[in-house]
>>> print(open('query-v5.pdb').read())   # PDB, C-alpha atoms and all ligand atoms
ATOM      1  CA  MET O  18      35.101  36.045 -89.423
ATOM      2  CA  LYS O  19      36.444  32.895 -91.047
ATOM      3  CA  ILE O  20      35.015  29.518 -90.077
ATOM      4  CA  SER O  21      36.471  26.082 -90.610
ATOM      5  CA  VAL O  22      35.161  22.680 -89.573
ATOM      6  CA  ASP O  23      36.956  19.432 -88.867
ATOM      7  CA  GLU O  24      34.853  16.684 -90.403
ATOM      8  CA  GLU O  25      37.057  14.060 -88.750
ATOM      9  CA  LYS O  26      36.045  15.290 -85.293
ATOM     10  CA  CYS O  27      32.362  15.964 -86.026
ATOM     11  CA  CYS O  28      30.071  13.390 -84.450
ATOM     12  CA  GLY O  29      26.970  14.593 -86.297
ATOM     13  CA  ALA O  30      25.135  15.763 -83.205
ATOM     14  CA  GLY O  31      23.610  18.652 -85.127
ATOM     15  CA  GLN O  32      23.583  21.438 -82.528
ATOM     16  CA  CYS O  33      25.363  23.776 -84.934
ATOM     17  CA  VAL O  34      22.658  23.307 -87.557
ATOM     18  CA  MET O  35      19.901  24.063 -85.066
ATOM     19  CA  ILE O  36      21.640  27.201 -83.799
ATOM     20  CA  ALA O  37      23.002  28.541 -87.103
ATOM     21  CA  PRO O  38      21.122  27.017 -90.053
ATOM     22  CA  GLY O  39      22.400  29.783 -92.308
ATOM     23  CA  VAL O  40      25.986  28.723 -91.710
ATOM     24  CA  PHE O  41      25.874  24.947 -91.210
ATOM     25  CA  ASP O  42      24.059  21.993 -92.680
ATOM     26  CA  GLN O  43      24.456  18.237 -92.231
ATOM     27  CA  ARG O  44      25.095  15.482 -94.740
ATOM     28  CA  ASP O  45      21.996  13.398 -95.294
ATOM     29  CA  ASP O  46      23.667  10.007 -94.959
ATOM     30  CA  ASP O  47      25.760  10.392 -91.810
ATOM     31  CA  GLY O  48      24.932  13.792 -90.286
ATOM     32  CA  ILE O  49      28.462  15.133 -90.627
ATOM     33  CA  VAL O  50      28.600  18.900 -90.714
ATOM     34  CA  ILE O  51      28.622  20.847 -93.981
ATOM     35  CA  LEU O  52      29.977  24.385 -93.848
ATOM     36  CA  LEU O  53      27.659  26.505 -95.977
ATOM     37  CA  ASP O  54      29.447  29.818 -95.591
ATOM     38  CA  GLU O  55      33.015  30.140 -94.326
ATOM     39  CA  ASN O  56      32.740  33.948 -94.329
ATOM     40  CA  PRO O  57      29.230  34.533 -93.003
ATOM     41  CA  PRO O  58      27.704  38.014 -92.883
ATOM     42  CA  ARG O  59      27.848  39.864 -89.581
ATOM     43  CA  ASP O  60      24.315  39.002 -88.547
ATOM     44  CA  HIS O  61      25.290  35.315 -88.428
ATOM     45  CA  HIS O  62      28.416  35.784 -86.309
ATOM     46  CA  GLU O  63      26.766  35.435 -82.911
ATOM     47  CA  ALA O  64      25.059  32.181 -83.889
ATOM     48  CA  ALA O  65      28.320  30.876 -85.347
ATOM     49  CA  ARG O  66      30.129  31.656 -82.074
ATOM     50  CA  GLU O  67      27.416  29.930 -80.094
ATOM     51  CA  SER O  68      27.647  26.859 -82.342
ATOM     52  CA  ALA O  69      31.395  26.647 -81.846
ATOM     53  CA  GLY O  70      30.860  26.920 -78.090
ATOM     54  CA  VAL O  71      28.342  24.099 -77.841
ATOM     55  CA  CYS O  72      29.824  21.697 -80.388
ATOM     56  CA  PRO O  73      30.487  18.547 -78.332
ATOM     57  CA  ALA O  74      33.383  17.572 -80.589
ATOM     58  CA  ALA O  75      35.085  21.002 -80.720
ATOM     59  CA  ALA O  76      34.984  20.626 -84.489
ATOM     60  CA  ILE O  77      34.147  24.262 -85.320
ATOM     61  CA  HIS O  78      36.966  26.790 -85.440
ATOM     62  CA  LEU O  79      36.504  30.544 -85.764
ATOM     63  CA  ARG O  80      38.970  33.236 -86.683
ATOM     64  CA  GLU O  81      37.502  36.530 -85.603
ATOM     65  CA  ASP O  82      40.168  38.613 -87.335
ATOM     66  CA  ALA O  83      39.708  37.110 -90.798
TER
HETATM   67  S1  LIG S 101      27.732  20.626 -83.426
HETATM   68 FE1  LIG S 101      29.800  19.873 -83.865
HETATM   69  S2  LIG S 101      29.619  17.638 -83.751
HETATM   70 FE2  LIG S 101      27.555  18.466 -83.989
HETATM   71  S3  LIG S 101      27.142  18.450 -86.208
HETATM   72 FE3  LIG S 101      27.944  20.485 -85.670
HETATM   73  S4  LIG S 101      30.174  20.319 -86.010
HETATM   74 FE4  LIG S 101      29.358  18.242 -85.908
END
>>> encode(input="query-v5.pdb", output="structure tokens", more="lines below")
Ligand code: SF4
Amino acid sequence: MKISVDEEKCCGAGQCVMIAPGVFDQRDDDGIVILLDENPPRDHHEAARESAGVCPAAAIHLREDA
């Protein structure tokens, strides 16, 4: 799995960080997403998928084949 985030779209809502704290964090000053691990281990994949699904800005992109 390869993850990318679009900081321009992110509205800092933080759902991704709550669901997958091993993969995402947020900047302290404005809450914009920080991608901690673009190739997370398998046990984080489900949470990463869930984060991408709930992100209100559709700012999280996953490539399952990478
Ligand atoms: S869920 Fe989406 S909008 Fe919210 S902080 Fe994460 S990437 Fe940004």
>>> residues_around(input="query-v5.pdb", residues="O:Arg44", least_positions_apart="3", cutoff="12 Å", atoms="all atoms listed in the file", output="tab-separated table (two decimals) with C-alpha atoms, in the frame of the given file")
chain	number	residue	atom	x	y	z
O	24	GLU	CA	34.85	16.68	-90.40
O	27	CYS	CA	32.36	15.96	-86.03
O	28	CYS	CA	30.07	13.39	-84.45
O	29	GLY	CA	26.97	14.59	-86.30
O	30	ALA	CA	25.14	15.76	-83.20
O	31	GLY	CA	23.61	18.65	-85.13
O	34	VAL	CA	22.66	23.31	-87.56
O	41	PHE	CA	25.87	24.95	-91.21
O	47	ASP	CA	25.76	10.39	-91.81
O	48	GLY	CA	24.93	13.79	-90.29
O	49	ILE	CA	28.46	15.13	-90.63
O	50	VAL	CA	28.60	18.90	-90.71
O	51	ILE	CA	28.62	20.85	-93.98
O	52	LEU	CA	29.98	24.38	-93.85
O	53	LEU	CA	27.66	26.50	-95.98
>>> resolve_selection(input="query-v5.pdb", expression="the PyMOL selection byres (((chain O and resi 67) around 12) and not hetatm)", output="number ranges by chain")
O: 32-37, 40, 61-66, 68-73, 75, 77-79
>>> write_last_selection(input="query-v5.pdb", atoms="C-alpha atoms", output="mmCIF file, keeping the file's coordinate frame")
data_model
loop_
_atom_site.group_PDB
_atom_site.id
_atom_site.type_symbol
_atom_site.label_atom_id
_atom_site.label_comp_id
_atom_site.auth_asym_id
_atom_site.auth_seq_id
_atom_site.Cartn_x
_atom_site.Cartn_y
_atom_site.Cartn_z
ATOM 1 C CA GLN O 32 23.583 21.438 -82.528
ATOM 2 C CA CYS O 33 25.363 23.776 -84.934
ATOM 3 C CA VAL O 34 22.658 23.307 -87.557
ATOM 4 C CA MET O 35 19.901 24.063 -85.066
ATOM 5 C CA ILE O 36 21.640 27.201 -83.799
ATOM 6 C CA ALA O 37 23.002 28.541 -87.103
ATOM 7 C CA VAL O 40 25.986 28.723 -91.710
ATOM 8 C CA HIS O 61 25.290 35.315 -88.428
ATOM 9 C CA HIS O 62 28.416 35.784 -86.309
ATOM 10 C CA GLU O 63 26.766 35.435 -82.911
ATOM 11 C CA ALA O 64 25.059 32.181 -83.889
ATOM 12 C CA ALA O 65 28.320 30.876 -85.347
ATOM 13 C CA ARG O 66 30.129 31.656 -82.074
ATOM 14 C CA SER O 68 27.647 26.859 -82.342
ATOM 15 C CA ALA O 69 31.395 26.647 -81.846
ATOM 16 C CA GLY O 70 30.860 26.920 -78.090
ATOM 17 C CA VAL O 71 28.342 24.099 -77.841
ATOM 18 C CA CYS O 72 29.824 21.697 -80.388
ATOM 19 C CA PRO O 73 30.487 18.547 -78.332
ATOM 20 C CA ALA O 75 35.085 21.002 -80.720
ATOM 21 C CA ILE O 77 34.147 24.262 -85.320
ATOM 22 C CA HIS O 78 36.966 26.790 -85.440
ATOM 23 C CA LEU O 79 36.504 30.544 -85.764
#
>>> axis_aligned_box(input="query-v5.pdb", around="ligand LIG 101 (chain S)", padding_each_side="4 Å", output="JSON")
{"center_x": 28.7, "center_y": 19.1, "center_z": -84.8, "size_x": 11.0, "size_y": 11.0, "size_z": 10.8}
>>> closest_residue(input="query-v5.pdb", among="O:Pro58, O:Glu81, O:Ala76, O:Pro38", to="ligand LIG 101 (chain S)", atoms="all atoms listed in the file")
O:Ala76
>>> closest_residue(input="query-v5.pdb", among="O:Pro57, O:Ala74, O:Lys19, O:Asp42", to="ligand LIG 101 (chain S)", atoms="only C-alpha atoms and all ligand atoms")
O:Ala74
>>> closest_residue(input="query-v5.pdb", among="O:Met18, O:Asp54, O:Asp60, O:Gln43", to="ligand LIG 101 (chain S)", atoms="all atoms listed in the file")
O:Gln43
>>> atom_distance(input="query-v5.pdb", atom1="atom S2 of ligand LIG 101 (chain S)", atom2="atom CA of O:Asp45")
14.5 Å
